>>> print(open('query_1.txt').read())   # compact mmCIF, C-alpha atoms
# COMPACT_ATOMS: atom_id res chain seq x y z
CA MET A 234 0.00 0.00 0.00
CA SER A 235 1.61 3.28 -1.12
CA LYS A 236 1.69 6.25 1.12
CA VAL A 237 0.54 9.50 -0.31
CA ASP A 238 2.67 12.37 0.91
CA THR A 239 0.50 15.30 1.69
CA GLN A 240 2.15 18.68 2.00
CA VAL A 241 0.68 20.85 4.72
CA GLN A 242 0.34 24.36 3.48
CA PRO A 243 1.46 27.01 6.03
CA ARG A 244 -1.38 29.02 7.46
CA LYS A 245 -1.44 32.59 6.25
CA GLN A 246 -1.32 35.10 9.07
CA GLY A 247 -2.71 38.63 8.78
CA LEU A 248 -1.19 41.80 10.16
CA THR A 249 -0.83 42.04 13.89
CA ARG A 250 -2.66 44.72 15.81
CA ARG A 251 0.53 46.74 16.18
CA GLN A 252 1.22 46.52 12.46
CA LYS A 253 -2.33 47.65 11.67
CA ARG A 254 -1.87 50.68 13.92
CA ALA A 255 1.41 51.48 12.20
CA VAL A 256 -0.21 51.25 8.76
CA SER A 257 -3.09 53.44 9.92
CA ARG A 258 -0.70 56.08 11.26
CA GLY A 259 1.29 55.97 8.04
CA ILE A 260 -1.84 56.59 5.99
CA GLN A 261 -2.85 59.50 8.22
CA TYR A 262 0.61 61.06 7.96
CA ALA A 263 0.52 60.64 4.19
CA ILE A 264 -2.87 62.37 3.98
CA PHE A 265 -1.60 65.19 6.19
CA VAL A 266 1.53 65.72 4.09
CA ALA A 267 -0.51 65.59 0.87
CA ALA A 268 -2.88 68.24 2.25
CA LEU A 269 0.07 70.48 3.17
CA VAL A 270 1.61 70.07 -0.27
CA ALA A 271 -1.71 70.84 -1.96
CA LEU A 272 -2.13 73.92 0.22
CA GLY A 273 1.39 75.10 -0.53
CA VAL A 274 0.97 74.65 -4.27
CA THR A 275 -2.50 76.18 -4.67
CA ALA A 276 -2.30 79.13 -2.23
CA ASP A 277 -1.44 82.59 -3.55
CA TRP A 278 1.38 83.35 -1.12
CA ASP A 279 2.32 86.64 -2.81
CA GLY A 280 -1.24 87.91 -2.45
CA LEU A 281 -1.37 86.82 1.19
CA GLN A 282 1.93 88.54 1.92
CA ASN A 283 0.81 91.78 0.28
CA GLN A 284 -2.45 91.80 2.23
CA PHE A 285 -1.40 90.45 5.64
CA ALA A 286 2.38 90.72 6.00
CA GLN A 287 3.52 94.25 5.14
CA THR A 288 6.49 94.61 7.49
CA ASP A 289 6.72 98.40 7.11
CA LEU A 290 3.08 98.78 8.12
CA ALA A 291 3.49 96.31 10.99
CA LYS A 292 6.38 98.34 12.40
CA GLU A 293 4.22 101.47 12.44
CA LEU A 294 1.82 99.77 14.88
CA PHE A 295 4.42 99.71 17.63
CA PRO A 296 4.56 100.66 20.41
CA ASP A 297 0.89 101.77 20.48
CA ILE A 298 -0.48 98.29 19.88
CA ILE A 299 1.28 97.17 23.06
CA THR A 300 1.17 100.24 25.30
CA LEU A 301 -2.41 101.17 24.37
CA ALA A 302 -4.41 98.35 22.74
CA LEU A 303 -2.95 95.36 24.58
CA ARG A 304 -2.90 97.26 27.86
CA ASN A 305 -6.59 98.16 27.52
CA THR A 306 -7.46 94.58 26.58
CA VAL A 307 -5.72 93.25 29.69
CA LEU A 308 -7.38 95.86 31.92
CA TYR A 309 -10.83 95.11 30.47
CA THR A 310 -10.29 91.40 30.97
CA LEU A 311 -9.03 91.63 34.54
CA SER A 312 -11.79 94.01 35.62
CA GLY A 313 -14.46 91.78 34.08
CA PHE A 314 -12.91 88.69 35.64
CA ALA A 315 -12.76 90.27 39.10
CA PHE A 316 -16.39 91.41 38.98
CA GLY A 317 -17.52 88.09 37.49
CA LEU A 318 -15.68 86.11 40.15
CA ALA A 319 -17.23 88.11 43.00
CA LEU A 320 -20.73 87.90 41.51
CA GLY A 321 -20.24 84.26 40.58
CA MET A 322 -19.36 83.42 44.18
CA VAL A 323 -22.57 85.05 45.40
CA ILE A 324 -24.65 83.26 42.77
CA ALA A 325 -23.00 79.92 43.61
CA LEU A 326 -23.79 80.31 47.32
CA MET A 327 -27.37 81.28 46.45
CA ARG A 328 -27.56 78.16 44.26
CA LEU A 329 -26.60 76.03 47.27
CA SER A 330 -28.81 77.92 49.73
CA PRO A 331 -31.57 76.01 51.56
CA VAL A 332 -33.82 79.04 50.92
CA GLY A 333 -35.93 78.29 47.87
CA PRO A 334 -36.24 81.81 46.38
CA TYR A 335 -32.46 82.23 46.46
CA ARG A 336 -31.97 78.99 44.54
CA TRP A 337 -34.64 79.94 42.00
CA LEU A 338 -33.18 83.40 41.41
CA ALA A 339 -29.67 81.99 41.03
CA GLY A 340 -30.87 79.32 38.62
CA LEU A 341 -32.82 81.89 36.59
CA TYR A 342 -29.79 84.18 36.37
CA ILE A 343 -27.53 81.34 35.24
CA GLU A 344 -29.93 80.13 32.56
CA ILE A 345 -30.51 83.65 31.18
CA PHE A 346 -26.92 84.85 31.05
CA ARG A 347 -25.55 81.55 29.79
CA GLY A 348 -28.18 81.48 27.06
CA LEU A 349 -27.77 85.04 25.78
CA PRO A 350 -24.89 85.94 23.43
CA ALA A 351 -22.26 88.19 25.03
CA LEU A 352 -22.90 90.75 22.27
CA LEU A 353 -26.47 91.30 23.52
CA ILE A 354 -25.19 91.81 27.07
CA PHE A 355 -22.81 94.54 25.87
CA ILE A 356 -25.62 96.25 23.97
CA PHE A 357 -27.83 95.98 27.05
CA VAL A 358 -25.20 97.60 29.27
CA GLY A 359 -24.42 100.33 26.74
CA VAL A 360 -28.01 101.20 25.77
CA ALA A 361 -30.61 99.75 28.13
CA VAL A 362 -28.96 100.66 31.44
CA PRO A 363 -28.69 104.42 30.67
CA LEU A 364 -32.32 104.39 29.49
CA ALA A 365 -33.55 102.53 32.54
CA PHE A 366 -31.64 104.75 34.99
CA PRO A 367 -31.46 108.27 33.46
CA GLY A 368 -28.75 110.49 34.83
CA THR A 369 -26.80 107.66 36.45
CA GLU A 370 -23.22 106.90 35.48
CA ILE A 371 -21.54 103.54 35.84
CA PRO A 372 -18.37 104.10 37.92
CA GLY A 373 -15.17 103.86 35.94
CA GLY A 374 -16.58 105.05 32.61
CA THR A 375 -15.86 102.65 29.78
CA TYR A 376 -13.78 100.40 32.04
CA GLY A 377 -16.71 100.13 34.44
CA LYS A 378 -19.13 99.30 31.61
CA VAL A 379 -16.82 96.62 30.24
CA ALA A 380 -16.31 95.17 33.72
CA LEU A 381 -20.09 95.04 34.19
CA ALA A 382 -20.79 93.49 30.78
CA LEU A 383 -18.00 90.92 30.93
CA GLY A 384 -18.70 90.21 34.59
CA LEU A 385 -22.39 89.53 34.00
CA VAL A 386 -21.51 86.99 31.33
CA ALA A 387 -18.64 85.38 33.24
CA ALA A 388 -20.53 85.17 36.54
CA ALA A 389 -23.06 82.74 35.11
CA TYR A 390 -20.33 80.29 34.12
CA MET A 391 -18.17 80.89 37.19
CA ALA A 392 -21.13 80.32 39.50
CA GLU A 393 -21.67 76.82 38.17
CA THR A 394 -17.93 76.12 38.30
CA ILE A 395 -17.64 77.32 41.91
CA ARG A 396 -20.80 75.43 42.91
CA ALA A 397 -19.36 72.21 41.48
CA GLY A 398 -16.09 72.86 43.32
CA ILE A 399 -17.86 73.37 46.64
CA GLN A 400 -19.87 70.19 46.18
CA ALA A 401 -16.68 68.30 45.28
CA VAL A 402 -15.21 68.98 48.74
CA PRO A 403 -15.84 65.91 50.93
CA LYS A 404 -18.77 66.39 53.31
CA GLY A 405 -16.58 65.19 56.13
CA GLN A 406 -14.70 68.51 55.99
CA MET A 407 -17.82 70.42 57.00
CA GLU A 408 -18.70 67.86 59.68
CA ALA A 409 -15.18 68.03 61.11
CA ALA A 410 -15.29 71.84 61.19
CA ARG A 411 -18.69 71.86 62.91
CA SER A 412 -17.45 69.36 65.49
CA LEU A 413 -14.62 71.79 66.32
CA GLY A 414 -17.14 74.54 67.05
CA PHE A 415 -17.12 76.35 63.71
CA SER A 416 -20.35 77.93 62.58
CA HIS A 417 -21.62 76.96 59.13
CA ALA A 418 -20.62 80.35 57.67
CA ARG A 419 -17.16 80.29 59.22
CA ALA A 420 -16.59 76.70 58.08
CA MET A 421 -17.54 77.68 54.52
CA VAL A 422 -15.19 80.68 54.48
CA SER A 423 -12.25 79.06 56.28
CA ILE A 424 -12.44 75.41 55.20
CA ILE A 425 -14.74 74.63 52.28
CA ILE A 426 -14.30 77.56 49.90
CA PRO A 427 -10.45 77.53 49.97
CA GLN A 428 -10.48 73.83 49.10
CA ALA A 429 -13.09 74.41 46.40
CA PHE A 430 -10.96 77.10 44.78
CA ARG A 431 -8.00 74.75 44.55
CA ILE A 432 -10.27 72.41 42.60
CA VAL A 433 -11.72 75.02 40.25
CA ILE A 434 -8.57 77.01 39.44
CA PRO A 435 -8.08 75.29 36.03
CA PRO A 436 -11.60 76.00 34.71
CA LEU A 437 -11.49 79.55 36.12
CA THR A 438 -8.21 80.14 34.29
CA ASN A 439 -9.85 78.86 31.14
CA GLU A 440 -12.68 81.34 31.71
CA LEU A 441 -10.05 84.10 31.89
CA VAL A 442 -8.87 83.10 28.40
CA LEU A 443 -12.44 83.29 27.08
CA LEU A 444 -12.95 86.72 28.65
CA PHE A 445 -9.74 87.97 27.08
CA LYS A 446 -11.22 87.20 23.66
CA ASP A 447 -14.71 88.48 24.54
CA SER A 448 -13.19 91.86 25.43
CA SER A 449 -13.19 92.56 21.67
CA LEU A 450 -16.94 93.31 22.01
CA VAL A 451 -16.10 96.58 23.78
CA LEU A 452 -16.46 98.39 20.45
CA PHE A 453 -20.26 98.14 20.83
CA LEU A 454 -20.04 100.41 23.89
CA GLY A 455 -18.52 103.25 21.86
CA VAL A 456 -14.92 103.88 22.87
CA THR A 457 -12.52 106.73 22.27
CA LEU A 458 -9.17 106.35 20.52
CA GLU A 459 -7.44 106.01 23.88
CA GLU A 460 -9.87 103.29 25.02
CA ARG A 461 -9.50 100.97 22.03
CA GLU A 462 -8.58 97.34 22.62
CA LEU A 463 -6.71 95.04 20.26
CA ALA A 464 -9.54 94.09 17.89
CA LYS A 465 -10.79 97.63 17.34
CA PHE A 466 -7.24 98.99 17.14
CA GLY A 467 -6.38 96.53 14.39
CA ARG A 468 -9.67 97.05 12.58
CA ASP A 469 -9.36 100.84 12.57
CA LEU A 470 -5.80 100.83 11.23
CA ALA A 471 -6.70 98.18 8.66
CA SER A 472 -9.45 100.47 7.36
CA GLU A 473 -7.09 103.46 7.25
CA SER A 474 -4.35 101.58 5.39
CA ALA A 475 -6.65 99.40 3.24
CA ASN A 476 -4.51 96.47 4.33
CA SER A 477 -5.13 93.57 6.77
CA THR A 478 -1.66 93.54 8.32
CA PRO A 479 -2.86 95.37 11.49
CA ILE A 480 -5.49 92.67 12.02
CA LEU A 481 -2.85 89.95 11.77
CA VAL A 482 -0.57 91.75 14.22
CA ALA A 483 -3.49 92.24 16.64
CA GLY A 484 -4.22 88.51 16.40
CA LEU A 485 -0.61 87.71 17.24
CA CYS A 486 -0.87 89.98 20.29
CA TYR A 487 -3.89 87.97 21.44
CA LEU A 488 -1.80 84.81 21.11
CA LEU A 489 0.94 86.37 23.25
CA VAL A 490 -1.50 86.14 26.16
CA THR A 491 -3.81 83.23 25.33
CA VAL A 492 -1.10 80.68 24.47
CA PRO A 493 0.78 81.05 27.81
CA LEU A 494 -2.55 81.02 29.67
CA GLY A 495 -3.53 77.86 27.82
CA PHE A 496 -0.26 76.27 28.89
CA VAL A 497 -0.96 77.27 32.49
CA VAL A 498 -4.43 75.69 32.28
CA ARG A 499 -2.99 72.41 31.03
CA ARG A 500 -0.36 72.36 33.77
CA LEU A 501 -2.95 73.08 36.46
CA GLU A 502 -5.23 70.35 35.11
CA ALA A 503 -2.32 67.90 35.08
CA LYS A 504 -1.44 68.73 38.68
CA ALA A 505 -5.07 68.42 39.72
CA GLY A 506 -5.23 65.01 38.04
CA GLU A 507 -2.08 63.86 39.85
CA ALA A 508 -3.47 65.05 43.18
CA THR A 509 -6.63 62.96 42.78
CA LYS A 510 -4.70 59.72 42.05
>>> encode(input="query_1.txt", output="structure tokens")
Amino acid sequence: MSKVDTQVQPRKQGLTRRQKRAVSRGIQYAIFVAALVALGVTADWDGLQNQFAQTDLAKELFPDIITLALRNTVLYTLSGFAFGLALGMVIALMRLSPVGPYRWLAGLYIEIFRGLPALLIFIFVGVAVPLAFPGTEIPGGTYGKVALALGLVAAAYMAETIRAGIQAVPKGQMEAARSLGFSHARAMVSIIIPQAFRIVIPPLTNELVLLFKDSSLVLFLGVTLEERELAKFGRDLASESANSTPILVAGLCYLLVTVPLGFVVRRLEAKAGEATK
């Protein structure tokens, strides 16, 4: 009886999971490079340079764009942030109050001012407030109006952030404080709120970045030449020169502040994540 030799064919193996990931990354990189090449070939770089990168015109913006426009933008932002933080703290405590009307008012405020565009709030402060209260002046002039408008918007978001931070503090902290003879108010001020602020510093810093950009809405309040912020400063000079270089330079000035703040936010979030591990 003859034996038939059968040859066992080797089993074909597909790509491993690691190899599939490598192929997928390679395809994505190839698409990205192809998109960059297509952009570089099709874009009119000479036209962009003539319209956005006139170095002589950019030099003429200094030092006013720093000493005037950027300074005003920072002042508007800080004043709005300070007012929003103070009002947001009050709204957050009202939101946590056992008194029903306080909670309802705080909730109504948050829903209204989070739902309305910031532009409408600026128009309200610039037009409706003088009509509603004839003869009254908001302290601080334009700076006071901007602080009020930005603060009203920011407070709605900060209130919810602070409320979440307070509720994130372990309840045992309040119980321990009360057992040591602290009143509820003193325990909140001395124990709970400081811990809550350590928790909410990253999102509050992120809110500062958003306010820095929202300060560009100050133009709807009607400002003088000395009160212009970055966006209006760049827009006015772009109109005068019929060139968009001032707008580009103003945008770069925004990035001088927002990029470092963004880095700070990421570092704070990373530290907060390490602390909770």
>>> closest_residue(input="query_1.txt", among="A:Phe445, A:Phe295, A:Phe453, A:Tyr376", to="Gly359 (chain A)", atoms="all atoms listed in the file")
A:Phe453
>>> closest_residue(input="query_1.txt", among="A:Gly495, A:Gly377, A:Gly333, A:Pro435", to="Phe355 (chain A)", atoms="all atoms listed in the file")
A:Gly377
>>> closest_residue(input="query_1.txt", among="A:Ala409, A:Val362, A:Ala302, A:Leu352", to="Val456 (chain A)", atoms="only C-alpha atoms")
A:Ala302
>>> closest_residue(input="query_1.txt", among="A:Ala339, A:Ala503, A:Val433, A:Ile298", to="Ala397 (chain A)", atoms="all atoms listed in the file")
A:Val433
>>> atom_distance(input="query_1.txt", atom1="CA of Ser472 (chain A)", atom2="CA of Gln284 (chain A)")
12.3 Å
>>> residues_near_point(input="query_1.txt", point="(1.3, 98.4, 14.3)", cutoff="10 Å", atoms="only C-alpha atoms", output="list of chain:residue names")
A:Thr288, A:Asp289, A:Leu290, A:Ala291, A:Lys292, A:Glu293, A:Leu294, A:Phe295, A:Pro296, A:Asp297, A:Ile298, A:Ile299, A:Phe466, A:Gly467, A:Leu470, A:Ala471, A:Thr478, A:Pro479, A:Ile480, A:Leu481, A:Val482, A:Ala483
>>> residues_near_point(input="query_1.txt", point="(-12.2, 74.9, 62.9)", cutoff="8 Å", atoms="all atoms listed in the file", output="list of chain:residue names")
A:Ala409, A:Ala410, A:Arg411, A:Leu413, A:Gly414, A:Phe415, A:Ala420, A:Ser423, A:Ile424
>>> residues_around(input="query_1.txt", residues="Val422 (chain A)", least_positions_apart="6", cutoff="12 Å", atoms="all atoms listed in the file", output="compact mmCIF listing (two decimals) with C-alpha atoms, keeping the file's coordinate frame")
# COMPACT_ATOMS: atom_id res chain seq x y z
CA MET A 322 -19.36 83.42 44.18
CA LEU A 326 -23.79 80.31 47.32
CA ILE A 399 -17.86 73.37 46.64
CA MET A 407 -17.82 70.42 57.00
CA ALA A 410 -15.29 71.84 61.19
CA PHE A 415 -17.12 76.35 63.71
CA SER A 416 -20.35 77.93 62.58
CA GLN A 428 -10.48 73.83 49.10
CA ALA A 429 -13.09 74.41 46.40
CA PHE A 430 -10.96 77.10 44.78
>>> axis_aligned_box(input="query_1.txt", around="region 491-502 of chain A", padding_each_side="8 Å", output="AutoDock Vina command-line options")
--center_x -2.2 --center_y 76.8 --center_z 30.5 --size_x 22.0 --size_y 28.9 --size_z 28.0
>>> residues_around(input="query_1.txt", residues="region 315-319 of chain A", least_positions_apart="2", cutoff="6 Å", atoms="all atoms listed in the file", output="ChimeraX atom specification")
/A:312-313,321-322,384,387-388
>>> write_last_selection(input="query_1.txt", atoms="C-alpha atoms", output="CSV table (one decimal), keeping the file's coordinate frame")
chain,number,residue,atom,x,y,z
A,312,SER,CA,-11.8,94.0,35.6
A,313,GLY,CA,-14.5,91.8,34.1
A,321,GLY,CA,-20.2,84.3,40.6
A,322,MET,CA,-19.4,83.4,44.2
A,384,GLY,CA,-18.7,90.2,34.6
A,387,ALA,CA,-18.6,85.4,33.2
A,388,ALA,CA,-20.5,85.2,36.5
>>> closest_residue(input="query_1.txt", among="A:Val379, A:Ile264, A:Val307, A:Met391", to="Leu489 (chain A)", atoms="all atoms listed in the file")
A:Val307
>>> build_atoms(input="query_1.txt", residues="region 352-363 of chain A", atoms="all heavy atoms", output="PDB file, in the frame of the given file")
ATOM      1  N   LEU A 352     -22.662  89.507  23.012  1.00  0.00           N
ATOM      2  CA  LEU A 352     -22.900  90.750  22.270  1.00  0.00           C
ATOM      3  C   LEU A 352     -24.155  91.454  22.775  1.00  0.00           C
ATOM      4  O   LEU A 352     -24.165  92.685  22.957  1.00  0.00           O
ATOM      5  CB  LEU A 352     -23.039  90.438  20.782  1.00  0.00           C
ATOM      6  CG  LEU A 352     -23.499  91.585  19.877  1.00  0.00           C
ATOM      7  CD1 LEU A 352     -22.518  92.743  19.947  1.00  0.00           C
ATOM      8  CD2 LEU A 352     -23.649  91.098  18.439  1.00  0.00           C
ATOM      9  N   LEU A 353     -25.232  90.701  23.040  1.00  0.00           N
ATOM     10  CA  LEU A 353     -26.470  91.300  23.520  1.00  0.00           C
ATOM     11  C   LEU A 353     -26.290  91.899  24.916  1.00  0.00           C
ATOM     12  O   LEU A 353     -26.909  92.914  25.245  1.00  0.00           O
ATOM     13  CB  LEU A 353     -27.595  90.263  23.532  1.00  0.00           C
ATOM     14  CG  LEU A 353     -28.026  89.726  22.167  1.00  0.00           C
ATOM     15  CD1 LEU A 353     -29.200  88.770  22.324  1.00  0.00           C
ATOM     16  CD2 LEU A 353     -28.399  90.874  21.227  1.00  0.00           C
ATOM     17  N   ILE A 354     -25.447  91.278  25.721  1.00  0.00           N
ATOM     18  CA  ILE A 354     -25.190  91.810  27.070  1.00  0.00           C
ATOM     19  C   ILE A 354     -24.466  93.153  26.968  1.00  0.00           C
ATOM     20  O   ILE A 354     -24.780  94.102  27.701  1.00  0.00           O
ATOM     21  CB  ILE A 354     -24.357  90.819  27.894  1.00  0.00           C
ATOM     22  CG1 ILE A 354     -25.035  89.450  27.936  1.00  0.00           C
ATOM     23  CG2 ILE A 354     -24.155  91.349  29.314  1.00  0.00           C
ATOM     24  CD1 ILE A 354     -26.439  89.467  28.490  1.00  0.00           C
ATOM     25  N   PHE A 355     -23.519  93.264  26.051  1.00  0.00           N
ATOM     26  CA  PHE A 355     -22.810  94.540  25.870  1.00  0.00           C
ATOM     27  C   PHE A 355     -23.773  95.621  25.387  1.00  0.00           C
ATOM     28  O   PHE A 355     -23.704  96.762  25.851  1.00  0.00           O
ATOM     29  CB  PHE A 355     -21.662  94.359  24.871  1.00  0.00           C
ATOM     30  CG  PHE A 355     -20.376  93.928  25.494  1.00  0.00           C
ATOM     31  CD1 PHE A 355     -20.148  92.591  25.796  1.00  0.00           C
ATOM     32  CD2 PHE A 355     -19.393  94.851  25.796  1.00  0.00           C
ATOM     33  CE1 PHE A 355     -18.962  92.192  26.376  1.00  0.00           C
ATOM     34  CE2 PHE A 355     -18.201  94.468  26.381  1.00  0.00           C
ATOM     35  CZ  PHE A 355     -17.988  93.122  26.669  1.00  0.00           C
ATOM     36  N   ILE A 356     -24.641  95.277  24.450  1.00  0.00           N
ATOM     37  CA  ILE A 356     -25.620  96.250  23.970  1.00  0.00           C
ATOM     38  C   ILE A 356     -26.571  96.653  25.095  1.00  0.00           C
ATOM     39  O   ILE A 356     -26.928  97.833  25.235  1.00  0.00           O
ATOM     40  CB  ILE A 356     -26.390  95.675  22.772  1.00  0.00           C
ATOM     41  CG1 ILE A 356     -25.437  95.466  21.591  1.00  0.00           C
ATOM     42  CG2 ILE A 356     -27.533  96.595  22.365  1.00  0.00           C
ATOM     43  CD1 ILE A 356     -26.078  94.790  20.398  1.00  0.00           C
ATOM     44  N   PHE A 357     -26.953  95.701  25.909  1.00  0.00           N
ATOM     45  CA  PHE A 357     -27.830  95.980  27.050  1.00  0.00           C
ATOM     46  C   PHE A 357     -27.180  96.966  28.011  1.00  0.00           C
ATOM     47  O   PHE A 357     -27.793  97.937  28.452  1.00  0.00           O
ATOM     48  CB  PHE A 357     -28.178  94.679  27.765  1.00  0.00           C
ATOM     49  CG  PHE A 357     -28.942  94.876  29.049  1.00  0.00           C
ATOM     50  CD1 PHE A 357     -30.307  95.109  29.038  1.00  0.00           C
ATOM     51  CD2 PHE A 357     -28.287  94.834  30.273  1.00  0.00           C
ATOM     52  CE1 PHE A 357     -31.004  95.297  30.228  1.00  0.00           C
ATOM     53  CE2 PHE A 357     -28.974  95.010  31.459  1.00  0.00           C
ATOM     54  CZ  PHE A 357     -30.339  95.245  31.438  1.00  0.00           C
ATOM     55  N   VAL A 358     -25.908  96.717  28.335  1.00  0.00           N
ATOM     56  CA  VAL A 358     -25.200  97.600  29.270  1.00  0.00           C
ATOM     57  C   VAL A 358     -25.000  98.982  28.657  1.00  0.00           C
ATOM     58  O   VAL A 358     -25.140 100.006  29.339  1.00  0.00           O
ATOM     59  CB  VAL A 358     -23.841  96.979  29.668  1.00  0.00           C
ATOM     60  CG1 VAL A 358     -22.980  97.982  30.439  1.00  0.00           C
ATOM     61  CG2 VAL A 358     -24.059  95.722  30.498  1.00  0.00           C
ATOM     62  N   GLY A 359     -24.698  99.043  27.361  1.00  0.00           N
ATOM     63  CA  GLY A 359     -24.420 100.330  26.740  1.00  0.00           C
ATOM     64  C   GLY A 359     -25.657 101.144  26.417  1.00  0.00           C
ATOM     65  O   GLY A 359     -25.587 102.382  26.366  1.00  0.00           O
ATOM     66  N   VAL A 360     -26.803 100.495  26.197  1.00  0.00           N
ATOM     67  CA  VAL A 360     -28.010 101.200  25.770  1.00  0.00           C
ATOM     68  C   VAL A 360     -29.117 101.130  26.809  1.00  0.00           C
ATOM     69  O   VAL A 360     -29.700 102.156  27.203  1.00  0.00           O
ATOM     70  CB  VAL A 360     -28.511 100.630  24.419  1.00  0.00           C
ATOM     71  CG1 VAL A 360     -29.792 101.329  23.991  1.00  0.00           C
ATOM     72  CG2 VAL A 360     -27.440 100.764  23.343  1.00  0.00           C
ATOM     73  N   ALA A 361     -29.447  99.929  27.256  1.00  0.00           N
ATOM     74  CA  ALA A 361     -30.610  99.750  28.130  1.00  0.00           C
ATOM     75  C   ALA A 361     -30.392 100.325  29.527  1.00  0.00           C
ATOM     76  O   ALA A 361     -31.307 100.919  30.104  1.00  0.00           O
ATOM     77  CB  ALA A 361     -30.968  98.272  28.228  1.00  0.00           C
ATOM     78  N   VAL A 362     -29.209 100.159  30.074  1.00  0.00           N
ATOM     79  CA  VAL A 362     -28.960 100.660  31.440  1.00  0.00           C
ATOM     80  C   VAL A 362     -29.097 102.174  31.520  1.00  0.00           C
ATOM     81  O   VAL A 362     -29.776 102.693  32.421  1.00  0.00           O
ATOM     82  CB  VAL A 362     -27.586 100.183  31.939  1.00  0.00           C
ATOM     83  CG1 VAL A 362     -27.221 100.870  33.256  1.00  0.00           C
ATOM     84  CG2 VAL A 362     -27.580  98.666  32.125  1.00  0.00           C
ATOM     85  N   PRO A 363     -28.484 102.967  30.599  1.00  0.00           N
ATOM     86  CA  PRO A 363     -28.690 104.420  30.670  1.00  0.00           C
ATOM     87  C   PRO A 363     -30.155 104.834  30.480  1.00  0.00           C
ATOM     88  O   PRO A 363     -30.604 105.819  31.078  1.00  0.00           O
ATOM     89  CB  PRO A 363     -27.822 104.955  29.515  1.00  0.00           C
ATOM     90  CG  PRO A 363     -26.790 103.908  29.310  1.00  0.00           C
ATOM     91  CD  PRO A 363     -27.489 102.620  29.577  1.00  0.00           C
TER      92      PRO A 363
END
